[in-house]
Every structure is written in structure tokens, then in C-alpha cells.
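Asker: Sharing a structure with you now.
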Amino acid sequence: SAVISQKPSRDICQRGTSLTIQCQVDSQVTMMFWYRQQPGQSLTLIATANQGSEATYESGFVIDKFPISRPNLTFSTLTVSNMSPEDSSIYLCSVVVAGGPTDTQYFGPGTRLTVL
Amino acid sequence: QKEVEQNSGPLSVPEGAIASLNCTYSDRGSQSFFWYRQYSGKSPELIMFIYSNGDKEDGRFTAQLNKASQYVSLLIRDSQPSDSATYLCAVNTGTGFQKLVFGTGTRLLVSP
């Protein structure tokens, strides 16, 4: 498995501002993802964070709104830009740990964002 | 469209009973299958994975996979109130690890 930490764990922000969420892993991982989980909903993949290149965004998500950095194999950031109340959600990073009979995906503890 | 479907529930079972959670998927090329447990306000926690047809047991949990019928299930024996959570089914399509496709989850309620 992997030990994943996220900062901040929660925040309350004003509309129009931006928040950067950090994800740190205790070992080098190739694949890292960012998800959003809105209240009462399942997980929605925002993007794949690629080390050394631009993130790969899913349909409905754009770089201007959710810029992502991945400077190395243990760290990534997700910025939620120009926030609106609709961005209130839990944001989760996850990593894939290789090895064993199959690669497995683990989640960080999440960042609970409330936009007023 | 690669889809994973689960009954949203809630599935209510008495303490000590067997809880059966089901998941169907649309992509026949899917290779590996995962069950996550998510407590309210917490992040998903991996319970089990399975990639071969048949049963795989881990303690009180048994995952069952039937690729011909395109379904995967999770059985929880001797259910406890602490098992009350949302259970997410996730499917990895294709060879090698790709992004998982998640179901919407089944909420399980175990009553004392």
C-alpha cells in the first residue's frame, strides 16, 4: 500500500478565490489521479497527473479551472480556480501501487472544500 | 461508454447476517475488479480485488467474479454494525492499469 497525505484537510473559501491542494505520497508512484466527490455522489475523475508533462483531463474538466502540477513521483497539487459554490466538494488524490498480482489504487484522506 | 452499475440501496441486513452486494459492468475487456468501502465523511478504503473467475476470500469478505455474465459481487459474512458504509465497485478495463471506472456505490446498513 502507500501512505498518502493531503493538505489542507478542509477549507472554507470565498467565491472567486483559488485554493491549492497538496498530495504527498511516501513512495514513488507512476500513476496519480485527482477525483472530486460531491455530496451524496460517487467519485468523478478530474484528471491524471503526469510527472513531467501536462495533466490529462477528463471530459468536463479543463486546465484553466483545475491546473495540476506534478513535479516528481511523490507529490502533486490541484488548484481549484475562481471558485463558485458549485465547487464545494471533497477532493481526493489517489495513487496506483504496482506489484503483486495486480496494480491497486489507494486514496488519500481527502480535502473538504466549502465555497461561500 | 464503459459503465459500472450498482444498486444504490440502502441494503439493510440484521447483525450476523450475510450481506450481498452486486455490481455489473459493460466492458467485456475488463481485467481486474475492486471493492472499496467508504464511511461517511471518509475517503474510500480498498477492501479486496479480484481478477480471476470464481471466489476469493479474505476474512469475512468474499469477492465473486463471473466474467461471462459480467458481474462481480461482495459477500460480507457475520455482518456487523461497523460494516455500515457505502461500498464502491470499481473496474479496471484493458490490460495494464488504467483509470478505474467506479460504480455509484451501494449503501449498506447493518442493524444491531
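Residues are named by chain letter and number: chains run A, B, ... in the order of the C-alpha cells, numbers start at 1 in each chain, and ligands are numbered from 1 in the order shown.
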Could you find all residues in chain A that DSSP calls strand (DSSP E or B) from the backbone, and write them as a ChimeraX atom specification?
Answerer: /A:4-7,10-13,19-25,32-37,44-49,56-57,68-72,75-80,89-97,104-107,111-115
Asker: Could the residues of chain A that have an atom at most 9 Å from chain B be listed as CSV, each with its closest atom pair and the distance in Å to one decimal, counting only C-alpha atoms and ordered by chain and ascending residue number?
Answerer:
residue,atom,partner,partner_atom,distance
A:Phe33,CA,B:Lys99,CA,8.4
A:Gln41,CA,B:Thr104,CA,7.0
A:Ser42,CA,B:Thr104,CA,4.9
A:Leu43,CA,B:Phe102,CA,6.9
A:Thr44,CA,B:Phe102,CA,8.3
A:Leu45,CA,B:Lys99,CA,8.6
A:Thr48,CA,B:Lys99,CA,8.3
A:Ile90,CA,B:Gly41,CA,8.9
A:Leu92,CA,B:Ser43,CA,7.6
A:Val96,CA,B:Phe97,CA,8.2
A:Ala98,CA,B:Phe97,CA,8.8
A:Pro101,CA,B:Tyr51,CA,8.7
A:Thr102,CA,B:Ser32,CA,7.6
A:Asp103,CA,B:Phe97,CA,6.3
A:Thr104,CA,B:Phe49,CA,8.1
A:Gln105,CA,B:Leu46,CA,7.8
A:Tyr106,CA,B:Leu46,CA,6.8
A:Phe107,CA,B:Pro44,CA,6.3
A:Gly108,CA,B:Ser43,CA,6.8
A:Pro109,CA,B:Ser43,CA,5.3
A:Gly110,CA,B:Ser43,CA,6.2
A:Arg112,CA,B:Gly41,CA,8.9
Asker: Write the selection just made, keeping N, CA, C and O atoms, as a PDB file, in the first residue's frame?
Answerer:
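part.pdb, freshly written:
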ATOM      1  N   PHE A  33      -3.880  10.329  -9.530  1.00  0.00           N
ATOM      2  CA  PHE A  33      -5.131  10.880 -10.040  1.00  0.00           C
ATOM      3  C   PHE A  33      -5.721  11.876  -9.060  1.00  0.00           C
ATOM      4  O   PHE A  33      -5.475  11.809  -7.855  1.00  0.00           O
ATOM      5  N   GLN A  41     -22.694  11.841  -3.774  1.00  0.00           N
ATOM      6  CA  GLN A  41     -22.391  11.302  -5.106  1.00  0.00           C
ATOM      7  C   GLN A  41     -21.183  10.367  -5.061  1.00  0.00           C
ATOM      8  O   GLN A  41     -20.460  10.300  -4.063  1.00  0.00           O
ATOM      9  N   SER A  42     -20.987   9.677  -6.178  1.00  0.00           N
ATOM     10  CA  SER A  42     -19.808   8.826  -6.268  1.00  0.00           C
ATOM     11  C   SER A  42     -18.609   9.648  -6.748  1.00  0.00           C
ATOM     12  O   SER A  42     -18.680  10.868  -6.858  1.00  0.00           O
ATOM     13  N   LEU A  43     -17.543   8.969  -7.027  1.00  0.00           N
ATOM     14  CA  LEU A  43     -16.299   9.622  -7.409  1.00  0.00           C
ATOM     15  C   LEU A  43     -16.325  10.034  -8.876  1.00  0.00           C
ATOM     16  O   LEU A  43     -16.752   9.266  -9.735  1.00  0.00           O
ATOM     17  N   THR A  44     -15.823  11.209  -9.143  1.00  0.00           N
ATOM     18  CA  THR A  44     -15.671  11.688 -10.517  1.00  0.00           C
ATOM     19  C   THR A  44     -14.204  11.994 -10.752  1.00  0.00           C
ATOM     20  O   THR A  44     -13.615  12.803 -10.024  1.00  0.00           O
ATOM     21  N   LEU A  45     -13.632  11.372 -11.752  1.00  0.00           N
ATOM     22  CA  LEU A  45     -12.225  11.599 -12.057  1.00  0.00           C
ATOM     23  C   LEU A  45     -12.061  12.955 -12.737  1.00  0.00           C
ATOM     24  O   LEU A  45     -12.734  13.233 -13.728  1.00  0.00           O
ATOM     25  N   THR A  48      -5.648  12.853 -14.680  1.00  0.00           N
ATOM     26  CA  THR A  48      -4.457  12.072 -14.353  1.00  0.00           C
ATOM     27  C   THR A  48      -3.285  13.037 -14.290  1.00  0.00           C
ATOM     28  O   THR A  48      -3.043  13.797 -15.240  1.00  0.00           O
ATOM     29  N   ILE A  90     -15.597  17.231  -1.940  1.00  0.00           N
ATOM     30  CA  ILE A  90     -14.393  16.613  -1.404  1.00  0.00           C
ATOM     31  C   ILE A  90     -13.481  16.305  -2.579  1.00  0.00           C
ATOM     32  O   ILE A  90     -13.922  15.711  -3.563  1.00  0.00           O
ATOM     33  N   LEU A  92     -10.072  14.392  -3.787  1.00  0.00           N
ATOM     34  CA  LEU A  92      -9.254  13.255  -3.378  1.00  0.00           C
ATOM     35  C   LEU A  92      -8.126  13.020  -4.373  1.00  0.00           C
ATOM     36  O   LEU A  92      -8.362  13.035  -5.588  1.00  0.00           O
ATOM     37  N   VAL A  96      -1.549   4.749  -7.715  1.00  0.00           N
ATOM     38  CA  VAL A  96      -1.536   3.339  -8.075  1.00  0.00           C
ATOM     39  C   VAL A  96      -0.218   2.743  -7.606  1.00  0.00           C
ATOM     40  O   VAL A  96       0.859   3.258  -7.939  1.00  0.00           O
ATOM     41  N   ALA A  98       2.147  -0.402  -7.831  1.00  0.00           N
ATOM     42  CA  ALA A  98       2.415  -1.549  -8.694  1.00  0.00           C
ATOM     43  C   ALA A  98       2.972  -2.699  -7.871  1.00  0.00           C
ATOM     44  O   ALA A  98       3.524  -2.515  -6.788  1.00  0.00           O
ATOM     45  N   PRO A 101      -0.154  -9.416  -7.638  1.00  0.00           N
ATOM     46  CA  PRO A 101      -0.893  -9.964  -8.772  1.00  0.00           C
ATOM     47  C   PRO A 101      -1.566  -8.900  -9.624  1.00  0.00           C
ATOM     48  O   PRO A 101      -1.860  -9.145 -10.793  1.00  0.00           O
ATOM     49  N   THR A 102      -1.831  -7.750  -9.056  1.00  0.00           N
ATOM     50  CA  THR A 102      -2.419  -6.670  -9.837  1.00  0.00           C
ATOM     51  C   THR A 102      -2.082  -5.333  -9.203  1.00  0.00           C
ATOM     52  O   THR A 102      -1.875  -5.248  -8.000  1.00  0.00           O
ATOM     53  N   ASP A 103      -1.999  -4.310 -10.032  1.00  0.00           N
ATOM     54  CA  ASP A 103      -1.796  -2.964  -9.504  1.00  0.00           C
ATOM     55  C   ASP A 103      -3.044  -2.540  -8.750  1.00  0.00           C
ATOM     56  O   ASP A 103      -4.161  -2.883  -9.125  1.00  0.00           O
ATOM     57  N   THR A 104      -2.864  -1.790  -7.694  1.00  0.00           N
ATOM     58  CA  THR A 104      -4.002  -1.372  -6.893  1.00  0.00           C
ATOM     59  C   THR A 104      -3.948   0.123  -6.630  1.00  0.00           C
ATOM     60  O   THR A 104      -2.875   0.733  -6.604  1.00  0.00           O
ATOM     61  N   GLN A 105      -5.114   0.702  -6.447  1.00  0.00           N
ATOM     62  CA  GLN A 105      -5.257   2.139  -6.304  1.00  0.00           C
ATOM     63  C   GLN A 105      -5.685   2.473  -4.880  1.00  0.00           C
ATOM     64  O   GLN A 105      -6.616   1.864  -4.348  1.00  0.00           O
ATOM     65  N   TYR A 106      -5.016   3.446  -4.313  1.00  0.00           N
ATOM     66  CA  TYR A 106      -5.301   3.884  -2.947  1.00  0.00           C
ATOM     67  C   TYR A 106      -5.605   5.366  -2.948  1.00  0.00           C
ATOM     68  O   TYR A 106      -5.087   6.127  -3.761  1.00  0.00           O
ATOM     69  N   PHE A 107      -6.437   5.756  -1.984  1.00  0.00           N
ATOM     70  CA  PHE A 107      -6.878   7.140  -1.896  1.00  0.00           C
ATOM     71  C   PHE A 107      -6.282   7.859  -0.698  1.00  0.00           C
ATOM     72  O   PHE A 107      -6.070   7.265   0.365  1.00  0.00           O
ATOM     73  N   GLY A 108      -6.052   9.144  -0.897  1.00  0.00           N
ATOM     74  CA  GLY A 108      -5.698   9.995   0.221  1.00  0.00           C
ATOM     75  C   GLY A 108      -6.918  10.292   1.073  1.00  0.00           C
ATOM     76  O   GLY A 108      -8.043   9.916   0.721  1.00  0.00           O
ATOM     77  N   PRO A 109      -6.723  11.004   2.187  1.00  0.00           N
ATOM     78  CA  PRO A 109      -7.821  11.263   3.112  1.00  0.00           C
ATOM     79  C   PRO A 109      -8.820  12.294   2.616  1.00  0.00           C
ATOM     80  O   PRO A 109      -9.906  12.403   3.176  1.00  0.00           O
ATOM     81  N   GLY A 110      -8.478  13.036   1.580  1.00  0.00           N
ATOM     82  CA  GLY A 110      -9.414  13.986   1.010  1.00  0.00           C
ATOM     83  C   GLY A 110      -9.289  15.386   1.594  1.00  0.00           C
ATOM     84  O   GLY A 110      -8.794  15.585   2.707  1.00  0.00           O
ATOM     85  N   ARG A 112     -11.881  18.566   2.152  1.00  0.00           N
ATOM     86  CA  ARG A 112     -13.286  19.010   2.117  1.00  0.00           C
ATOM     87  C   ARG A 112     -13.326  20.510   1.893  1.00  0.00           C
ATOM     88  O   ARG A 112     -12.863  21.275   2.734  1.00  0.00           O
TER      89      ARG A 112
END
Asker: Atom CA of Asp87 of chain A and atom CA of Trp35 of chain B are how many Å apart?
Answerer: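 Atom CA of Trp35 of chain B lies 27.2 Å from atom CA of Asp87 of chain A.
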Asker: Determine, counting only C-alpha atoms, which protein, DNA and RNA residues have an atom within 12 Å of an atom of segment 17-22 of chain B; residues of the same chain fewer than 5 positions away are not included. Present the result as JSON, numbers by chain.
Answerer: {"B": [4, 5, 6, 7, 8, 9, 10, 11, 12, 35, 36, 37, 60, 61, 62, 63, 64, 65, 66, 70, 71, 72, 73, 74, 75, 76, 77, 78, 79, 80, 81, 83, 84, 85, 86, 87, 88, 89, 90, 103, 104, 105, 106, 107, 108, 109, 110, 111, 112]}
Asker: Point out the residue among A:Pro71, A:Pro39, A:Gln22, A:Asp64 with the least atom-to-atom distance to Gly52 of chain A, counting only C-alpha atoms.
Answerer: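 Result for the nearest residue to Gly52 of chain A: A:Pro71.
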